[in-house]
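Novice: The structure file upload_13.txt (compact mmCIF, C-alpha atoms) is provided below.
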# COMPACT_ATOMS: atom_id res chain seq x y z
CA MET A 28 0.00 0.00 0.00
CA THR A 29 1.04 3.60 -0.54
CA HIS A 30 1.33 6.07 2.34
CA ASP A 31 -2.08 7.59 1.47
CA GLU A 32 -3.75 4.16 1.31
CA ILE A 33 -2.27 3.23 4.67
CA ARG A 34 -3.38 6.59 6.10
CA SER A 35 -6.93 5.82 4.89
CA SER A 36 -6.76 2.38 6.53
CA LEU A 37 -5.93 3.72 10.02
CA PRO A 38 -9.60 3.98 11.12
CA ALA A 39 -10.09 0.34 10.12
CA LEU A 40 -6.96 -0.59 12.10
CA ALA A 41 -8.30 1.24 15.14
CA LEU A 42 -11.61 -0.61 14.75
CA GLY A 43 -9.83 -3.98 14.38
CA ALA A 44 -11.38 -4.49 10.96
CA LEU A 45 -8.27 -5.31 8.88
CA ASP A 46 -7.37 -8.86 7.91
CA PRO A 47 -4.06 -10.20 9.28
CA ALA A 48 -2.02 -9.42 6.15
CA GLU A 49 -3.37 -5.86 5.87
CA ARG A 50 -2.90 -5.28 9.59
CA ALA A 51 0.72 -6.42 9.46
CA GLU A 52 1.49 -4.08 6.55
CA VAL A 53 -0.22 -1.09 8.16
CA VAL A 54 1.38 -1.69 11.59
CA ALA A 55 4.84 -1.98 10.01
CA HIS A 56 4.38 1.35 8.25
CA VAL A 57 3.03 3.11 11.34
CA ALA A 58 6.11 2.03 13.27
CA THR A 59 8.30 4.06 10.90
CA CYS A 60 6.00 7.04 10.23
CA ASP A 61 5.46 9.77 12.82
CA GLU A 62 2.51 11.24 10.89
CA CYS A 63 0.62 7.94 10.82
CA THR A 64 1.50 7.22 14.46
CA ALA A 65 -0.12 10.50 15.51
CA ALA A 66 -3.12 9.93 13.21
CA LEU A 67 -3.65 6.42 14.60
CA ALA A 68 -3.72 7.83 18.13
CA VAL A 69 -6.51 10.20 17.07
CA GLU A 70 -8.50 7.40 15.43
CA GLU A 71 -8.14 5.20 18.53
CA ARG A 72 -9.55 8.00 20.68
CA VAL A 73 -12.46 8.35 18.24
CA VAL A 74 -13.16 4.61 18.46
CA GLN A 75 -13.19 4.80 22.26
CA GLY A 76 -15.58 7.71 22.05
CA ILE A 77 -18.17 5.90 19.94
CA GLY A 78 -18.30 2.85 22.16
CA LEU A 79 -16.65 0.26 19.94
CA ALA A 80 -14.38 -1.17 22.64
CA GLU A 81 -16.60 -4.24 23.15
CA PRO A 82 -15.46 -7.62 21.72
CA PRO A 83 -16.46 -7.98 18.05
CA VAL A 84 -19.59 -9.93 17.23
CA THR A 85 -20.89 -11.33 13.98
CA PRO A 86 -23.42 -8.81 12.61
CA PRO A 87 -26.89 -10.00 11.54
CA ALA A 88 -27.62 -10.54 7.87
CA ALA A 89 -29.95 -7.53 7.83
CA LEU A 90 -27.19 -5.09 8.91
CA LYS A 91 -26.80 -3.60 5.44
CA ALA A 92 -30.46 -2.51 5.43
CA LYS A 93 -30.03 -1.08 8.93
CA VAL A 94 -26.97 0.89 7.82
CA MET A 95 -28.98 2.49 5.01
CA ALA A 96 -31.79 3.26 7.46
CA ARG A 97 -29.23 4.86 9.79
CA ILE A 98 -28.07 7.07 6.94
CA GLU A 99 -31.65 8.24 6.45
CA GLU A 100 -31.98 8.96 10.18
CA ALA A 101 -28.71 10.88 10.28
CA GLY A 102 -29.84 13.13 7.48
CA SER A 103 -28.63 13.71 3.93
CA PRO A 104 -26.31 16.62 2.98
CA PHE A 105 -29.33 18.55 1.72
CA PRO A 106 -33.09 18.78 2.22
CA ARG A 107 -35.14 16.62 -0.10
CA ALA A 108 -36.65 18.33 -3.13
CA ARG A 109 -40.10 18.38 -1.56
CA GLN A 110 -38.85 20.42 1.41
CA GLU A 111 -38.56 24.19 1.50
CA ARG A 112 -35.09 25.51 0.72
CA THR A 113 -33.53 27.06 3.81
CA PRO A 114 -30.14 28.74 4.19
CA GLY A 115 -29.18 26.52 7.11
CA PHE A 116 -29.24 23.09 5.45
CA GLY A 117 -26.55 20.96 7.07
CA PHE A 118 -23.91 18.58 5.81
CA LEU A 119 -23.70 15.06 7.21
CA PRO A 120 -22.57 15.54 10.84
CA LEU A 121 -19.18 14.12 11.75
CA ALA A 122 -20.67 11.91 14.46
CA ALA A 123 -23.13 10.40 11.99
CA SER A 124 -20.29 9.79 9.53
CA LEU A 125 -18.41 7.88 12.23
CA ILE A 126 -21.47 5.72 12.97
CA ILE A 127 -22.00 4.99 9.27
CA ALA A 128 -18.32 4.21 8.76
CA ALA A 129 -18.24 1.88 11.77
CA ALA A 130 -21.35 0.06 10.57
CA ALA A 131 -19.84 -0.23 7.08
CA VAL A 132 -16.72 -1.84 8.55
CA PHE A 133 -18.78 -4.40 10.49
CA TYR A 134 -20.81 -5.14 7.37
CA ALA A 135 -17.57 -5.59 5.41
CA TYR A 136 -16.32 -7.97 8.12
CA SER A 137 -19.54 -9.98 7.87
CA THR A 138 -19.26 -10.11 4.08
CA ARG A 139 -15.61 -11.22 4.29
CA THR A 140 -16.63 -14.04 6.65
CA GLU A 141 -19.42 -15.04 4.29
CA LEU A 142 -17.00 -15.11 1.38
CA SER A 143 -14.55 -17.32 3.31
CA ALA A 144 -17.31 -19.78 4.11
CA LEU A 145 -18.43 -19.74 0.50
CA ARG A 146 -14.95 -20.60 -0.74
CA ALA A 147 -14.81 -23.51 1.69
CA SER A 148 -18.04 -24.96 0.36
CA SER A 149 -17.61 -27.09 -2.74
CA ALA A 150 -21.25 -26.51 -3.62
CA ALA A 151 -20.84 -22.72 -3.84
CA GLY A 152 -21.16 -21.26 -7.34
CA ALA A 153 -18.54 -19.04 -8.98
CA GLN A 154 -21.14 -16.37 -9.72
CA GLU A 155 -22.04 -15.94 -6.04
CA ALA A 156 -18.36 -15.78 -5.09
CA ALA A 157 -17.79 -13.06 -7.70
CA ARG A 158 -20.74 -11.08 -6.31
CA LEU A 159 -19.31 -11.17 -2.81
CA ARG A 160 -15.86 -10.14 -4.01
CA GLN A 161 -17.42 -7.15 -5.78
CA GLU A 162 -19.24 -6.19 -2.57
CA LEU A 163 -15.94 -6.15 -0.72
CA VAL A 164 -14.36 -3.93 -3.37
CA THR A 165 -17.32 -1.53 -3.19
CA LEU A 166 -17.27 -1.42 0.61
CA ARG A 167 -13.54 -0.74 0.68
CA ARG A 168 -14.00 2.17 -1.76
CA ASP A 169 -16.88 3.55 0.31
CA TRP A 170 -14.79 3.24 3.46
CA ILE A 171 -11.94 5.23 1.88
CA ASN A 172 -14.40 7.93 0.76
CA LEU A 173 -15.96 8.16 4.23
CA THR A 174 -12.54 8.40 5.85
CA ARG A 175 -11.52 11.16 3.44
CA ALA A 176 -14.77 13.03 4.14
CA MET A 177 -14.17 12.88 7.90
CA ASP A 178 -10.60 14.10 7.45
CA VAL A 179 -11.80 17.10 5.42
CA LEU A 180 -14.55 18.01 7.89
CA LYS A 181 -12.17 18.11 10.87
CA ALA A 182 -9.22 19.76 9.05
CA PRO A 183 -8.01 23.01 10.68
CA ASP A 184 -7.56 24.71 7.28
CA MET A 185 -11.02 23.80 5.98
CA LEU A 186 -12.84 26.21 3.68
CA ARG A 187 -16.55 25.98 2.96
CA ALA A 188 -18.61 27.30 0.08
CA ASP A 189 -22.38 27.24 -0.37
CA LEU A 190 -23.23 27.03 -4.08
CA SER A 191 -26.49 28.28 -5.54
CA GLY A 192 -28.09 27.39 -8.87
CA GLN A 193 -27.87 29.81 -11.78
CA ALA A 194 -30.18 30.33 -14.77
CA GLN A 195 -29.75 26.79 -16.17
CA ALA A 196 -30.48 25.17 -12.78
CA PRO A 197 -32.32 27.68 -10.59
CA GLY A 198 -33.37 25.09 -7.99
CA ALA A 199 -29.98 23.40 -7.61
CA ILE A 200 -27.92 23.71 -4.42
CA GLY A 201 -24.43 22.56 -3.47
CA ARG A 202 -21.82 22.70 -0.77
CA ALA A 203 -18.03 22.27 -1.01
CA PHE A 204 -15.44 21.66 1.73
CA TRP A 205 -11.75 22.15 0.85
CA SER A 206 -8.52 21.47 2.74
CA GLU A 207 -5.08 21.48 1.18
CA LYS A 208 -3.94 18.58 3.37
CA ALA A 209 -7.17 16.58 3.75
CA GLY A 210 -8.74 16.98 0.30
CA LEU A 211 -11.99 18.13 -1.28
CA LEU A 212 -15.55 17.11 -0.46
CA PHE A 213 -18.52 18.29 -2.56
CA ALA A 214 -22.20 17.42 -2.66
CA ALA A 215 -25.10 18.78 -4.72
CA ASP A 216 -28.83 18.28 -5.01
CA ARG A 217 -31.68 19.15 -7.40
CA LEU A 218 -29.40 19.13 -10.44
CA PRO A 219 -31.20 18.87 -13.80
CA ALA A 220 -30.78 15.67 -15.82
CA LEU A 221 -27.97 15.83 -18.36
CA PRO A 222 -28.38 15.41 -22.11
CA PRO A 223 -26.56 12.44 -23.72
CA GLY A 224 -22.79 12.87 -23.96
CA ARG A 225 -22.58 15.46 -21.15
CA VAL A 226 -21.29 15.50 -17.56
CA TYR A 227 -21.10 18.02 -14.77
CA GLN A 228 -17.62 19.32 -13.94
CA LEU A 229 -16.56 20.87 -10.61
CA TRP A 230 -14.02 23.74 -10.59
CA THR A 231 -11.99 25.50 -7.92
CA ILE A 232 -11.57 29.18 -8.79
CA THR A 233 -8.67 31.33 -7.61
CA GLY A 234 -8.64 34.83 -9.04
CA LYS A 235 -9.41 34.32 -12.73
CA ALA A 236 -7.93 30.80 -12.89
CA ALA A 237 -10.23 27.76 -12.79
CA THR A 238 -8.90 24.27 -12.00
CA SER A 239 -10.88 21.08 -12.55
CA ALA A 240 -11.76 19.18 -9.39
CA GLY A 241 -13.53 16.26 -11.08
CA ILE A 242 -16.48 15.27 -13.24
CA PHE A 243 -19.70 13.63 -12.08
CA THR A 244 -23.21 12.57 -13.11
CA PRO A 245 -26.13 12.98 -10.69
CA ASP A 246 -28.52 10.17 -9.86
CA ALA A 247 -32.17 10.13 -10.88
CA SER A 248 -33.09 12.47 -8.00
CA GLY A 249 -30.48 15.06 -9.05
CA ALA A 250 -28.08 14.30 -6.19
CA ALA A 251 -24.31 13.83 -6.60
CA SER A 252 -21.10 13.92 -4.59
CA VAL A 253 -17.36 14.22 -5.29
CA THR A 254 -14.30 13.51 -3.14
CA ALA A 255 -10.83 14.35 -4.42
CA VAL A 256 -7.22 14.77 -3.37
CA VAL A 257 -5.89 18.36 -3.39
CA ALA A 258 -2.47 18.77 -5.01
CA ALA A 259 0.31 19.87 -2.66
CA GLY A 260 0.77 23.63 -2.81
CA ALA A 261 -2.58 24.20 -4.50
CA PRO A 262 -3.82 27.80 -4.04
CA ARG A 263 -6.75 28.40 -1.70
CA PRO A 264 -9.85 28.76 -3.87
CA ASP A 265 -11.84 31.97 -3.77
CA ALA A 266 -14.92 30.21 -5.14
CA PHE A 267 -16.27 26.95 -6.56
CA GLY A 268 -18.29 26.45 -9.71
CA VAL A 269 -20.02 23.69 -11.67
CA THR A 270 -20.46 23.64 -15.44
CA ILE A 271 -21.85 21.20 -18.02
CA GLU A 272 -19.11 19.72 -20.21
CA PRO A 273 -18.65 16.98 -22.84
CA THR A 274 -18.10 13.44 -21.53
CA GLY A 275 -14.58 13.25 -20.12
CA GLY A 276 -14.54 16.90 -19.04
CA SER A 277 -12.90 20.04 -20.42
CA PRO A 278 -9.54 21.77 -19.72
CA THR A 279 -11.35 25.08 -19.11
CA PRO A 280 -14.94 25.83 -18.06
CA THR A 281 -17.66 26.13 -20.67
CA MET A 282 -20.00 28.97 -19.84
CA PRO A 283 -22.50 29.51 -18.43
CA ILE A 284 -21.87 28.28 -14.87
CA VAL A 285 -24.65 26.08 -13.44
CA LEU A 286 -23.70 26.37 -9.74
CA VAL A 287 -21.39 28.89 -8.07
CA GLY A 288 -20.46 29.96 -4.55
CA THR A 289 -17.69 31.89 -2.77
CA SER A 290 -15.41 30.41 -0.11
CA GLN A 291 -15.40 31.21 3.56
CA ASN A 292 -12.98 30.09 6.26
CA GLU A 293 -15.12 27.71 8.30
CA ARG A 294 -12.70 27.65 11.25
CA GLY A 295 -12.43 31.41 11.33
CA ARG A 296 -16.08 32.10 12.10
If you convert what's in this file into structure tokens, what do you get?
Specialist:
Amino acid sequence: MTHDEIRSSLPALALGALDPAERAEVVAHVATCDECTAALAVEERVVQGIGLAEPPVTPPAALKAKVMARIEEAGSPFPRARQERTPGFGFLPLAASLIIAAAAVFYAYSTRTELSALRASSAAGAQEAARLRQELVTLRRDWINLTRAMDVLKAPDMLRADLSGQAQAPGAIGRAFWSEKAGLLFAADRLPALPPGRVYQLWTITGKAATSAGIFTPDASGAASVTAVVAAGAPRPDAFGVTIEPTGGSPTPTMPIVLVGTSQNERGR
């Protein structure tokens, strides 16, 4: 694993959710890296704070459905389309993110156990084994994204921008969180459906210079999210914008802008 991958695996290490080979690799790296040693100490305190010190148990088969229900209870980044738009809509609280991430790890553990049992059974079909392997890949990706989101939300240099829809998407809303060290987190809602061959593209804007921060396609409800790594030494953005571009994205924004919002120093309020 790279340093960044190991850094993203520290919450799983603190939760005791890594397999033996992964744990050995992560522990060996932490022993030689002061940054990861300090980060692991923080994650271990977080684990203690959310009551995960009890011995691990095998989760019930219905845990995945409960995790999704927990997400609904915790609240989405934005109000649903049927609700009135208010200036105080909130992003997923950090505590809720921790609960979701912890539940995801336990579900991943359960799936890993199921896969091991499936391999041991001569009657198991290859198609079912492939399905379970894909679930593990998806859960690992979701875990990395959740960890990155938590890192951004608690970063001391975090900037926040509330984006509002322009003429092409008057009802759309968005919110961006940016940290040079922790990365970029963006979510949007009420985005119009895209025509064939088009994607939305997120931009960080400093002065008159716009830098691509990723492309995305919203789901059927108009919701979308982006997480990204911020390049070392990247300038602090003055604003964020979203445009509609050809599939694959563009090197510079195509006007007009669909969503736009200026940055504010969240920690400086």
Novice: Within 10 Å of A:Phe204, counting only C-alpha atoms, which residues qualify if same-chain residues fewer than 4 places away don't, as a ChimeraX atom specification?
Specialist: /A:118,176,179-180,182,185-189,209-214,254,267,290-293
Novice: Using atom CA of A:Ala157 and atom CA of A:Glu49 as the two end points, give the distance in Å to one decimal.
Specialist: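 Interatomic distance here is 21.1 Å.
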Novice: Any idea what the distance is between atom CA of A:Ala266 and atom CA of A:Gln193?
Specialist: 14.6 Å
Novice: Atom CA of A:Pro245 and atom CA of A:Leu221, how far apart in Å?
Specialist: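 The value is 8.4 Å.
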Novice: Could you check the closest approach to A:Ala68 for each of A:Gly224, A:Met28, A:Asp46, A:Ala41 and tell me which residue wins, using all atoms listed in the file?
Specialist: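 Among the listed residues, A:Ala41 lies closest to A:Ala68.
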Novice: Which residues are close to A:Gln195, i.e. within 12 Å by all atoms listed in the file, leaving aside same-chain residues fewer than 6 positions away? Reply as a VMD selection string.
Specialist: chain A and resid 217 to 221 269 to 271 282 to 287
Novice: Quick one: 8 Å padding each side, axis-aligned, all listed atoms of stretch 36-50 of chain A - centre and edge lengths in Å to one decimal, as JSON?
Specialist:
{"center_x": -6.8, "center_y": -3.1, "center_z": 10.5, "size_x": 25.6, "size_y": 30.2, "size_z": 25.3}
Novice: Which of these, A:Pro183, A:Pro197, A:His56, A:Val226, has the shortest distance to A:Asp31 once you count all atoms listed in the file?
Specialist: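 The answer is A:His56, which sits nearest to A:Asp31.
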Novice: Please tell me which residues are no farther than 12 Å from (-3.3, 26.4, 0.9) in the file, counting all atoms listed in the file, and write them as an mmCIF file with C-alpha atoms, in the coordinates of the input.
Specialist:
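Contents of out-v9.cif, as written:
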data_model
loop_
_atom_site.group_PDB
_atom_site.id
_atom_site.type_symbol
_atom_site.label_atom_id
_atom_site.label_comp_id
_atom_site.auth_asym_id
_atom_site.auth_seq_id
_atom_site.Cartn_x
_atom_site.Cartn_y
_atom_site.Cartn_z
ATOM 1 C CA PRO A 183 -8.010 23.010 10.680
ATOM 2 C CA ASP A 184 -7.560 24.710 7.280
ATOM 3 C CA MET A 185 -11.020 23.800 5.980
ATOM 4 C CA LEU A 186 -12.840 26.210 3.680
ATOM 5 C CA TRP A 205 -11.750 22.150 0.850
ATOM 6 C CA SER A 206 -8.520 21.470 2.740
ATOM 7 C CA GLU A 207 -5.080 21.480 1.180
ATOM 8 C CA LYS A 208 -3.940 18.580 3.370
ATOM 9 C CA ALA A 209 -7.170 16.580 3.750
ATOM 10 C CA GLY A 210 -8.740 16.980 0.300
ATOM 11 C CA THR A 233 -8.670 31.330 -7.610
ATOM 12 C CA VAL A 257 -5.890 18.360 -3.390
ATOM 13 C CA ALA A 258 -2.470 18.770 -5.010
ATOM 14 C CA ALA A 259 0.310 19.870 -2.660
ATOM 15 C CA GLY A 260 0.770 23.630 -2.810
ATOM 16 C CA ALA A 261 -2.580 24.200 -4.500
ATOM 17 C CA PRO A 262 -3.820 27.800 -4.040
ATOM 18 C CA ARG A 263 -6.750 28.400 -1.700
ATOM 19 C CA PRO A 264 -9.850 28.760 -3.870
ATOM 20 C CA ASP A 265 -11.840 31.970 -3.770
ATOM 21 C CA ASN A 292 -12.980 30.090 6.260
#
Novice: Find the residues around A:Ser239 up to 8 Å (all atoms listed in the file counted), leave out those fewer than 4 positions away in its own chain, and share them as a CSV table (one decimal) with C-alpha atoms, in the frame of the given file.
Specialist:
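Output file result-v8.csv is given in full below:
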chain,number,residue,atom,x,y,z
A,228,GLN,CA,-17.6,19.3,-13.9
A,229,LEU,CA,-16.6,20.9,-10.6
A,230,TRP,CA,-14.0,23.7,-10.6
A,231,THR,CA,-12.0,25.5,-7.9
A,278,PRO,CA,-9.5,21.8,-19.7
A,279,THR,CA,-11.4,25.1,-19.1
